[in-house]
Amino acid sequence: MLMTITTTHQPAQDLGFLLHKHPDHVQSFELSHGTAHVFYPESSAERCTAALLLDIDPIKLVRSYKAPPGTSRTLGHYVNDRPYVASSFLSTAISKVFGTALSGNCNKRPELAKQAIPLSFHLPALPVRGGEKVLRDLFEPLGYTVEAEAHLLDPKFPNWGKAAIFTVTLSVTLPLHQALSHLYVLIPALDREKHYYIGPAEIEKLINHGEGWLAEHPHRETITRRYMVNRQALATVAIEQLFQDESAPQDLPESQQVETAIEKPLSLNSIRLNTVVSILEQEQVRSVVDLGCGEGKLLKKLLTHPRFARIVGMDVSHRILEVAARRLKLDHLGERVRERIELVHGSLAYSDQRLAGFDAACLVEVIEHVDPERLGLLARNVFGALAPGLVVVTTPNAEFNATFEDLPAGKFRHGDHRFEWTRAEFQNWAQKVADQFGYSVRYQDIGEVHEEHGPPTQCAIFKQKKAENNAET
Amino acid sequence: MKISIPDLSLVLLVGPSGSGKSTFAARHFLPTEVISSDRCRGMVCDDENSLEASSDAFDLVHYWAGKRLKRGKRAVIDATNVQRDARASLIKLARDYHARVVAIVLETPEAVCHERNASRPDRNFGPHVVRGQHRDMRRSIKHLKKEGLHHVYRLDTPEKAAEAEIVPTPMWPDRRDERGPFDLIGDIHGCFDETLLLLAKLGYRVREEPHEGETRFIVDAPQGRRVVFLGDLVDRGPASNRVLRLAMDMVEAGVALCVPGNHENKLERWLGGRKKIKPSHGLAATIEQLETETPAFRERVRTFINGLVSHMILDEGRLIVAHAGMKESYAGRASGVVRSFALYGETTGETDSYGLPVRYDWAAEYRGKAAVVYGHTPVPNATWVNRTICLDTGCVFGGKLTALRWPERELVAVPAAKMYYEPAKPMAEERAERPGDEPFRIEDVRGKRIVNTRFDRQVVIREEFGMAAMEVISRFAVDPRWLTYLPATMAPTETSKRAGYLEHPEEAFATFRRMEISEVICQEKHMGSRAVVQLCQSAEVARQRFGTEDDAIGIVYTRSGRRFFTDRDLEQAFLTRLVTAVGKAGLWDSLETEWLTLDCELMPWSAKGLDLLQQQYARVGAAASAAIPATLAVLEQAQGRGIDVAPQLAAWRHRETNLALYRRAYGHYCWETDGLQGLRLAPFHILAGEGKAHYDKDHLWHMQQAEALAAADPELIQATRYRRLMLDDAEAESRVTQWWLDMTEAGGEGMVVKPIAFVPYGKDNRIILPAVKCRGRDYLRIIYGPDYTEPAQLERLRSRGLNHKRRNAVREYLLGLEALARFAAGDSISQVHECVTAIAALETEPIDPRL
């Protein structure tokens with residue numbers, strides 16, 4: 001990985017004083033994942049260029065790297081762009097190798113360290129997630145001229161298109177320490193990946209190196225979030241600490257699931273859950289199993305109604321059940337509340353008698369995560385094997401997607417959706433299931449209904465015919 | 001006194017404190033068999049004499065004893081047991097587990113008890129306690145039998161207690177030392193002629209000769225075989241008396257075993273004088289036929305039936321026979337419930353449209369290891385369901401009389417000469433359910449699991465990995481009815497020490513030589529994506545055999561069970577081409593099947609792996625090609641100024657060379673496809689077809705079938721290049737090594753070295769690693785990075801642990817074959833699924849993904 005720093009400030013060799021590195025020597029520094037070399041490919045009074053070259057040891061990188069759950073795994077591979085691209089390793093190298101310059105100190109030329117001088121940074125390979133616009137958004141407000149050239153993924157396969165890797169020259173007239181601070185923060189923010197654990201210490205670094213410029217940056221929150229590699233909680237804390245004196249608008253975090261982001265203005269999820277709870281109340285249900293309970297949002301609402309004496313949340317993801325247990329504070333609930341609720345690791349692909357014997361089963365935004373050809377087994381396992389008196393199913397109404405400006409036609413609201421049905425498609429399925437397993441079915445709109453496209457969410461309420469008869473007699 | 005203790009029994013020691021129960025228990029029973037109430041008191045409260053803790057202590061006694069009985073183990077209760085209530089709850093416990101209950105009463109004189117207690121400082125209760133206990137015991141004794149105890153032994157002096165001898169007694173159904181071979185025969189119902197024909201077909205010679213004024217049958221069995229009659233010998237048919245005579249003579253001569261059917265049970269009650277019994281369901285015919293026999297014969301029949309045991313466990317526990325079947329939890333036990341199940345089965349309490357009780361389908365839920373062979377419910381054909389098979393093929397209703405040869409598992413049948421009796425309802429369908437209609441049950445995949453394979457290997461699946469597998473299969477896999485197999489992981493060869501190489505053939509050959517394998521096959525390793533192909537001749541076959549519900553004629557899925565093609569039409573077009581090719585190659589006929597499971601590589605890699613190629617491999621190439629020339633330029637510029645950057649320059653020049661090799665390496669596996677155009681399938685295992693998983697044939701056979709397929713459609717199907725190698729032929733070995741070098745230097749991934757046998761047995765007759773892969777030098781750049789061949793990197797990469805990978809490679813391989821064998825044999829889909837999820841679970845274990 002290479003970065004060169006060029007100045008045409010006269011005399012240009014003063015760059016050596018500013019960087020504390022002699023222009024005629026090669027100096028090497030051992031860093032945790034490799035070696036940094038500093039040398040000068042050119043050095044004259046008119047123009048001086050320093051090169052920071054990093055030899056990253058990919059084996060050390062892989063063997064010391066433990067991917068945090070849910071993050072990208074690229075750092076864990078030997079086939080890895082880190083030896084070539086500017087990344088968080090460069091920030092580490094800047095602070096280790098150019099630490100004095102970064103802090104704005106220079107014994108030999110103290111006034112020069114504070115002086116704006118013409119600088120040009122050349123980065124032959126800079127990864128930018130989000131493309132050139134992001135690059136410009138981040139640097140141009142700080143006064144940089146940005147030259148960027150993207151590279152083909154592979155010249156042998158030109159129709160594969162371009163890689164999100166750019167050769168970039170950033171030119172600016174600024175004191176060197178300021179420019180280094182910008183690079184220190186913005187390079188990993190562009191890459192959105194870091195070679196080390198992101199902890200609270202990261203906020204400290206951002207406060208230090210963002211001092212004097214980040215608060216005024218028009219994209220400060222984007223920078224903060226990207227710098228925190230989308231650790232939401234940390235980013236929120238950092239934003240509060242950094243910009244506390246202003247009423248920072250809580251803009252939407254980028255990484256949130258597309259679905260939430262798209263639906264958020266409606267706060268559709270709350271409406272959906274409240275609707276389900278009120279259906280369960282109307283139907284005089286006492287025991288409920290939430291199939292595909294996820295983080296337990298519905299369970300949490302159900303727990304606040306004492307009428308639901310027995311509540312079970314089932315999910316196929318063991319990890320998300322742990323999140324649910326934390327959110328529901330299962331370890332801290334009083335005995336009376338605790339004995340009403342249970343979480344079960346299971347799957348709708350299997351018939352599971354642990355889930356039988358409930359008044360009602362809910363499938364809230366679940367069926368669309370199941371491959372259509374496996375819905376037959378799902379129906380058999382729920383309506384056939386468990387046969388609850390009441391089944392509430394909600395799913396997106398595909399017609400409504402037309403009203404989402406950000407959602408291209410034909411795309412689903414969530415990356416894991418296997419299908420999204422129109423009202424007719426949903427009702428066709430629901431009617432077949434009802435007929436097959438002896439249920440009656442009615443439908444209910446959820447969310448604000450669009451006069452042409454209908455509601456954002458559709459809901460089917462299945463009642464077992466036997467149960468209905470019993471209730472009548 | 002000899003005290004007979006059945007193997008599965010709850011033994012109550014009865015006697016007051018100080019009567020010598022603990023001493024008696026210690027002398028006659030294993031320490032682990034004895035459950036002492038005092039000890040349980042100690043366990044729950046640290047004080048063995050704390051009466052206050054009795055309630056909790058007895059909960060523990062019950063729990064402990066229950067666990068032993070559930071597992072078929074004897075439990076001896078060392079407590080006073082002098083009160084009726086205390087005994088009643090224990091007797092109920094024994095009943096719940098269908099165990100025998102034995103009481104051993106230690107009637108030690110009161111004075112002796114007092115004396116013993118006085119000498120023990122921890123027994124600080126007064127004499128009134130023992131007095132009371134003694135009184136309770138004396139009052140109890142004569143009622144013990146009525147309370148439901150099966151055997152009561154009284155030891156009324158300390159001497160008798162000292163001299164008593166315990167005789168362990170097998171449970172009645174326990175005949176596991178009868179090892180067969182057997183010929184098991186289903187419901188005969190008086191069809192004597194068919195029985196004789198069937199016996200002849202099975203190789204038995206039957207003659208009838210006069211004997212004490214009557215006749216008797218002398219039967220010669222072929223090679224030590226024996227018949228097992230599965231009950232319902234009588235009623236409805238033309239000659240129940242003759243069938244009874246034959247069966248009784250055979251049993252008495254030791255050439256047959258017999259379990260009773262419900263019809264025998266009824267006949268026995270009728271013969272016993274219970275004239276109120278209605279002679280319905282064909283009993284009238286039997287009564288009429290027995291009228292022609294002597295009273296002595298009828299008495300003999302009654303005694304015979306009386307002596308029959310409800311069910312039998314045979315052949316070291318591998319085989320269970322019972323008339324109406326046997327649940328796993330009842331097998332080998334004795335109680336009215338067990339007997340009734342064996343004779344009648346269980347009903348759900350509902351009645352069907354013919355007014356007959358609906359039978360509980362125990363076989364669908366059967367998960368036992370032993371095979372259960374039974375009759376009772378007429379079916380058109382005998383078929384295995386979850387290791388159970390019903391042999392009642394309705395001979396008397398005009399069906400056929402069926403026998404099962406054990407352990408060969410061959411079915412032999414003779415048709416009925418005519419319909420002797422009109423059935424109350426039409427014979428049950430083949431089995432009402434198609435394979436796919438049976439639910440996948442969560443119990444079959446949850447928790448820690450132990451999967452038994454037919455290769456004498458058990459595989460243990462840890463719960464956490466099973467959970468992960470359940471999620472993966474539920475969310476991402478294809479319809480599980482298609483998922484009858486998952487490919488095993490494959491270990492690489494041991495790491496080479498040769499300069500410049502991480503893997504080299506010499507280690508692969510050395511490994512198998514060490515395992516005492518004499519011949520291997522070396523197969524070209526294709527670099528595409530692993531693909532399992534399920535192929536049916538028609539959608540009808542798919543629906544019948546796999547239980548699917550649509551018009552698909554098969555599916556192609558990846559090594560992790562995901563659907564290969566996102567485009568359904570393309571998938572079906574691809575499969576249609578394969579169906580034709582299989583037909584043209586003659587495999588449908590030669591393998592006598594209408595479906596096939598093939599293990600293949602589907603190329604190009606870019607067809608499935610394009611995202612990965614672009615996001616990872618090409619991206620790294622792009623980054624390197626942006627960075628390297630710029631770095632070299634800067635270094636050269638510095639060198640031009642006289643700065644010594646020679647080591648850096650050398651290193652980055654190597655990187656430039658390696659980059660080109662790296663890009664070339666993955667580039668070999670990428671080409672454009674358009675529909676089927678450009679796709680190439682290389683099958684290398686013809687895994688299974690109807691009735692057979694083909695692991696009994698060597699790899700040469702598999703290669704030959706694959707060649708035939710490739711010849712049938714050379715555009716789509718690609719044969720795999722291979723070399724056979726005798727491991728003691730050094731010259732041949734160097735030729736194969738050269739072949740590998742040529743192949744890999746031309747861009748090939750490498751080769752797979754396999755013992756020639758599909759299931760290879762090595763030293764000490766143990767199943768060994770079925771294959772190792774040996775990957776090419778340049779191919780490994782896409783695994784270990786473009787620069788891995790630099791000596792400093794290579795040296796460090798050589799330390800890689802292969803053991804876990806190898807262990808899992810064998811386990812997954814055997815599980816895969818087990819799954820196929822079960823599916824091919826028609827086992828239930830859940831038994832297949834059990835193996836497949838086990839493979840998926842092993843695949844979630846954390847192992848270096850580069851191996």
# chains A, B, ... in the order shown; residues from 1 in each chain; ligands from 1
$ closest_atom_pairs --of "chain B" --to "chain A" --cutoff "6 Å" --atoms "only C-alpha atoms" --output "CSV"
residue,atom,partner,partner_atom,distance
B:Phe440,CA,A:Tyr350,CA,4.9
B:Arg441,CA,A:Ser351,CA,4.8
B:Ile442,CA,A:Tyr350,CA,5.2
B:Glu471,CA,A:Val316,CA,5.4
B:Ser474,CA,A:Ala349,CA,5.8
B:Asp479,CA,A:Arg374,CA,5.8
B:Ala618,CA,A:Leu153,CA,5.3
B:Arg619,CA,A:Leu153,CA,5.7
B:Val620,CA,A:Asp81,CA,4.7
B:Ala622,CA,A:Leu153,CA,5.2
B:Ala623,CA,A:Tyr84,CA,5.8
B:Ala624,CA,A:Tyr84,CA,5.4
B:Ala626,CA,A:Ala125,CA,5.7
B:Ala627,CA,A:Pro124,CA,5.3
B:Val634,CA,A:Pro41,CA,5.7
B:Gln637,CA,A:Pro41,CA,5.1
B:Ala638,CA,A:Pro41,CA,3.8
B:Tyr784,CA,A:Tyr78,CA,5.0
B:Gly785,CA,A:Val79,CA,4.3
$ closest_atom_pairs --of "range 374-475 of chain B" --to "range 233-239 of chain B" --cutoff "8 Å" --atoms "only C-alpha atoms" --output "tab-separated table"
residue	atom	partner	partner_atom	distance
B:Val396	CA	B:Gly237	CA	5.9
B:Tyr420	CA	B:Gly237	CA	5.9
B:Tyr421	CA	B:Arg236	CA	6.1
$ select_by_dssp --residues "range 307-420 of chain B" --states "strand (DSSP E or B)" --output "PyMOL selection string"
chain B and resi 311-314+319-322+347-351+357-359+371-374+384-385+388-390+400-406+410-415
$ atom_distance --atom1 "CA of Gly747 in chain B" --atom2 "CA of Ala809 in chain B"
26.1 Å
$ select_by_dssp --residues "range 476-581 of chain B" --states "helix (DSSP H, G or I)" --output "ChimeraX atom specification"
/B:476,480-482,505-514,539-546,568-581
